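Asks: Could you have a look at this structure, given as structure tokens, before my questions?
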Amino acid sequence: MSATLIAVHEQIEEPRPWLHHLRRAAFERFAALGFPTTHNEDWKYTNVTPFTKIPFERSRRPAPRLLAPPKGATVTSLAHALETEPGLLEEHLARYAGFHNNAFVALNTAFMSDGVLIRIPNGAVIEEPIHLVFTSSEQDRPTVSYPRTLILAGRDSQAVIIEEYRGADGSLYFTNAVTELVAGEGAVIEHYKLEKEGDRALHFGALQVRQARSSSFTSHSIALGGALVRNELNVVLDGEGAECALNGLYVAGGQQHIDNYTTLDHAQPRTTSYELYKGILDGSAQGVFHGRIIVRQDAQKTDAIQRNKNLLLSQKAVINTKPQLEIYANDVRCTHGATVGQVDPEALFYLRSRGIGHQDARNLLTYAFASEMIERMKFEPLRSRLEEVLHERC
């Protein structure tokens, strides 16, 4: 661990005892873990060692912008909530995204300074999406930021939440983001993460979700930018009858490296999950998908499906995919699988025989492969925007 990190952490003044102890415990755990290496099975195909030598300075950028003011929900900065509702944060902050075995979550917990608290009351139906934008502006030096988001969705509530991360091309910066989301009994939450960082950026994002009885959670993870990206999504279905759907799309070219690590933990009986992640890799890009489904001993009647599909557009593009099942119950229905392929030559020939040029035909087939993930999105403005991006890149 660098002397810079130690010095910066020692300078943090935290008057609240509970938060001081939390930061200290997280930093000590990070010091014990260190940055992960490729000797760690969960990081086997993602090497972060080169970036750990970069002297990142802590960014002073403000809390994210809220693009869509919600009616019926409470959205405040984390800094403001620490002043006005410290008891609520003490009860929930860092209680779901554990840092014991995760160095980057530990680092975020030790250094988090601001972020967002979203509260959705019991029974509230939020008509407009809650849209948060985290922007990294161009800097003359490498910077790092630690945004933290806490989302508390009450019983029988409904909401759409969008987290968007973006930054300037050419800037070297690191975003270490952690989001904790709690879905109360019967809550229906749709969550979007749009990652479009700058072309030199590093991004580590962790989303930890805990679902209560009969709740429904849908995730749309879209990774388009960044030089080195790792998205972790961990969902605990902790109530009988909980349902979860994970949809993911990652598109990479050049020297980009995008890693998706997901865990679906079926902790209670009669829970259901469906996961589909698709990747499109061109140039010398590298992709990683590691998906785990865990079915606990008491989680009988679990129904879980996991799929990962990848399209390689060049000979140098690489994908490492590992769907994984860990089943400790005996009355379940679980399936998983992965595919890796190139553009279908027969479909390409068919289009060309209709007078479509080779590149246009290739782009059409690539867009068709990705469009399934876009069509799953219910929020029309974001869906249209992503369609435009895909048309530009495919």
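Ligands are numbered from 1 in the order shown, residues from 1 within each chain, and chains are lettered A, B, ... in the order they appear in the structure tokens.
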Using only C-alpha atoms, determine which residues lie at most 10 Å from range 387-389 of chain A, disregarding the query and same-chain residues fewer than 4 positions distant; provide the list as an MDAnalysis selection string.
Replies: chainID A and resid 224 367 370:371 374:375 381:383 393:394
Asks: Okay, now the selection with N, CA and C atoms, as a PDB file, in the first residue's frame?
Replies:
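Output (selection-v1.pdb):
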ATOM      1  N   LEU A 224     -19.730   0.804 -21.760  1.00  0.00           N
ATOM      2  CA  LEU A 224     -19.298   1.240 -23.084  1.00  0.00           C
ATOM      3  C   LEU A 224     -17.918   1.887 -23.082  1.00  0.00           C
ATOM      4  N   TYR A 367     -25.591  -5.007 -34.612  1.00  0.00           N
ATOM      5  CA  TYR A 367     -26.639  -4.252 -33.922  1.00  0.00           C
ATOM      6  C   TYR A 367     -27.795  -5.182 -33.525  1.00  0.00           C
ATOM      7  N   ALA A 370     -27.032  -6.950 -30.343  1.00  0.00           N
ATOM      8  CA  ALA A 370     -27.117  -6.108 -29.144  1.00  0.00           C
ATOM      9  C   ALA A 370     -28.528  -5.627 -28.856  1.00  0.00           C
ATOM     10  N   SER A 371     -29.355  -5.518 -29.884  1.00  0.00           N
ATOM     11  CA  SER A 371     -30.660  -4.859 -29.728  1.00  0.00           C
ATOM     12  C   SER A 371     -31.573  -5.566 -28.742  1.00  0.00           C
ATOM     13  N   ILE A 374     -31.263  -3.838 -25.481  1.00  0.00           N
ATOM     14  CA  ILE A 374     -31.864  -2.505 -25.483  1.00  0.00           C
ATOM     15  C   ILE A 374     -33.386  -2.613 -25.378  1.00  0.00           C
ATOM     16  N   GLU A 375     -33.962  -3.581 -26.063  1.00  0.00           N
ATOM     17  CA  GLU A 375     -35.416  -3.736 -26.067  1.00  0.00           C
ATOM     18  C   GLU A 375     -35.954  -4.107 -24.685  1.00  0.00           C
ATOM     19  N   PRO A 381     -36.465   7.182 -23.192  1.00  0.00           N
ATOM     20  CA  PRO A 381     -35.384   8.114 -23.538  1.00  0.00           C
ATOM     21  C   PRO A 381     -33.997   7.478 -23.497  1.00  0.00           C
ATOM     22  N   LEU A 382     -33.741   6.659 -22.480  1.00  0.00           N
ATOM     23  CA  LEU A 382     -32.443   6.008 -22.380  1.00  0.00           C
ATOM     24  C   LEU A 382     -32.289   4.949 -23.460  1.00  0.00           C
ATOM     25  N   ARG A 383     -33.360   4.243 -23.752  1.00  0.00           N
ATOM     26  CA  ARG A 383     -33.308   3.241 -24.796  1.00  0.00           C
ATOM     27  C   ARG A 383     -32.969   3.871 -26.144  1.00  0.00           C
ATOM     28  N   ARG A 393     -21.378   2.834 -33.117  1.00  0.00           N
ATOM     29  CA  ARG A 393     -20.258   1.911 -32.866  1.00  0.00           C
ATOM     30  C   ARG A 393     -20.384   0.596 -33.608  1.00  0.00           C
ATOM     31  N   CYS A 394     -21.581   0.263 -34.057  1.00  0.00           N
ATOM     32  CA  CYS A 394     -21.781  -1.019 -34.752  1.00  0.00           C
ATOM     33  C   CYS A 394     -21.958  -0.790 -36.252  1.00  0.00           C
TER      34      CYS A 394
END
Asks: With 9 Å as the cut-off and only C-alpha atoms counted, what is the closest atom pair between each nearby residue of range 196-282 of chain A and range 161-179 of chain A? Distances in Å to one decimal, ordered by chain and number, as JSON lines.
Replies:
{"residue": "A:Lys196", "atom": "CA", "partner": "A:Arg166", "partner_atom": "CA", "distance": 4.8}
{"residue": "A:Glu197", "atom": "CA", "partner": "A:Arg166", "partner_atom": "CA", "distance": 4.3}
{"residue": "A:Gly198", "atom": "CA", "partner": "A:Asp169", "partner_atom": "CA", "distance": 4.2}
{"residue": "A:Asp199", "atom": "CA", "partner": "A:Asp169", "partner_atom": "CA", "distance": 5.0}
{"residue": "A:Arg200", "atom": "CA", "partner": "A:Leu172", "partner_atom": "CA", "distance": 5.3}
{"residue": "A:Ala201", "atom": "CA", "partner": "A:Tyr173", "partner_atom": "CA", "distance": 5.1}
{"residue": "A:Leu202", "atom": "CA", "partner": "A:Phe174", "partner_atom": "CA", "distance": 4.6}
{"residue": "A:His203", "atom": "CA", "partner": "A:Thr175", "partner_atom": "CA", "distance": 4.8}
{"residue": "A:Phe204", "atom": "CA", "partner": "A:Asn176", "partner_atom": "CA", "distance": 4.9}
{"residue": "A:Gly205", "atom": "CA", "partner": "A:Ala177", "partner_atom": "CA", "distance": 4.7}
{"residue": "A:Ala206", "atom": "CA", "partner": "A:Val178", "partner_atom": "CA", "distance": 4.8}
{"residue": "A:Leu207", "atom": "CA", "partner": "A:Thr179", "partner_atom": "CA", "distance": 4.7}
{"residue": "A:Gln208", "atom": "CA", "partner": "A:Thr179", "partner_atom": "CA", "distance": 6.3}
{"residue": "A:Val209", "atom": "CA", "partner": "A:Thr179", "partner_atom": "CA", "distance": 8.4}
{"residue": "A:Gly225", "atom": "CA", "partner": "A:Arg166", "partner_atom": "CA", "distance": 8.1}
{"residue": "A:Gly226", "atom": "CA", "partner": "A:Asp169", "partner_atom": "CA", "distance": 8.9}
Asks: Please list as a VMD selection string every residue within 6 Å of range 304-313 of chain A, counting only C-alpha atoms and excluding residues in the same chain fewer than 5 positions away.
Replies: chain A and resid 272 to 282 334 to 342
Asks: Any chance you could list, as number ranges by chain, the residues in range 244-325 of chain A that come up strand (DSSP E) when DSSP is run on the backbone?
Replies: A: 244-252, 257-266, 272-281, 286-295, 303-312, 318-325
Asks: Just the residues within 10 Å of Ser113 in chain A, please, counting only C-alpha atoms, with nothing from its chain fewer than 3 positions along; format it as a list in words.
Replies: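 After dropping sequence-adjacent residues, the list is Ile12, Arg60, Pro62, Ala63, Leu78, Ala79, Asn108, Thr109, Ala110, Ser145, Tyr146, Pro147 and Arg148 of chain A.
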Asks: Using only C-alpha atoms, which residue out of A:Val182, A:Ala252, A:Ile189, A:Val133 lies closest to Val160 in chain A?
Replies: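 Among the listed residues, the smallest separation from Val160 in chain A belongs to A:Ile189.
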Asks: Just how far from CA of Pro17 in chain A is CA of Leu82 in chain A, in Å to one decimal?
Replies: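 Spanning CA of Leu82 in chain A to CA of Pro17 in chain A is a straight-line distance of 12.4 Å.
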Asks: Would you mind telling me which residue in A:Val144, A:Val229, A:Leu19, A:Ala73 lies nearest to Pro129 in chain A when using only C-alpha atoms?
Replies: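 The shortest atom-to-atom distance to Pro129 in chain A comes from A:Ala73.
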Asks: Could you list, as a VMD selection string, every residue within 6 Å of Ala26 in chain A, counting only C-alpha atoms and ignoring same-chain residues fewer than 3 positions away?
Replies: chain A and resid 23 29 106 110
Asks: Residues near Cys244 in chain A, anyone? I mean within 6 Å using only C-alpha atoms, not counting same-chain ones fewer than 5 positions away, as a CSV table (one decimal) with C-alpha atoms, in the first residue's frame.
Replies:
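So result_15.csv came out as:
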chain,number,residue,atom,x,y,z
A,216,SER,CA,-38.8,-7.5,-7.7
A,217,PHE,CA,-35.5,-6.1,-8.8
A,218,THR,CA,-34.4,-5.6,-12.4
A,273,SER,CA,-33.7,-15.2,-11.2
Asks: What's the 8 Å shell around Ala329 in chain A, counting only C-alpha atoms, without same-chain residues fewer than 4 positions away, as a list of chain:residue names?
Replies: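 Using only C-alpha atoms, the neighbours found are A:Val295, A:Arg296, A:Gln297, A:Asp298, A:Ala299, A:Gln300.
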Asks: Those residues you just picked out, can you put them in a file as a CSV table (one decimal), in the first residue's frame with C-alpha atoms?
Replies:
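Okay, this is what ended up in selection_32.csv:
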chain,number,residue,atom,x,y,z
A,295,VAL,CA,-28.6,-21.7,-3.9
A,296,ARG,CA,-28.6,-22.0,-0.1
A,297,GLN,CA,-29.6,-25.2,1.7
A,298,ASP,CA,-33.0,-23.9,2.7
A,299,ALA,CA,-33.7,-22.2,-0.7
A,300,GLN,CA,-36.0,-25.0,-2.1
Asks: Of the candidates A:Ile130, A:Gln255, A:Arg16, A:Asp42, which one gets nearest to Arg230 in chain A if we count only C-alpha atoms?
Replies: A:Asp42
Asks: Based on the backbone DSSP call, show me all residues of range 89-315 of chain A assigned alpha helix (DSSP H), as a list in words.
Replies: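 Taking range 89-315 of chain A and keeping alpha helix (DSSP H) only, one gets Leu89, Glu90, Glu91, His92, Ala103, Phe104, Val105, Ala106, Leu107, Asn108, Thr109, Ala110 and Phe111 of chain A.
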Asks: Smallest atom-to-atom distance to Glu185 in chain A: which of A:Ala242, A:Ile54, A:Val236, A:Leu67, using only C-alpha atoms?
Replies: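 Selected residue with least distance to Glu185 in chain A: A:Ala242.
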Asks: Kindly give the distance, in Å, that separates CA of Gln268 in chain A and CA of Lys301 in chain A, rounded to a single decimal.
Replies: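 If I compute the distance from CA of Gln268 in chain A to CA of Lys301 in chain A, I get 9.2 Å.
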Asks: Rounded to one decimal in Å, what is the spacing between CA of Lys71 in chain A and CA of Gly184 in chain A?
Replies: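 So the two atoms, CA of Lys71 in chain A and CA of Gly184 in chain A, lie 19.3 Å apart.
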Asks: Between A:Glu83, A:Glu128, A:Asp156, A:Asp360, single out the one closest to Asp114 in chain A, counting only C-alpha atoms.
Replies: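 Closest to Asp114 in chain A of all the choices is A:Glu83.
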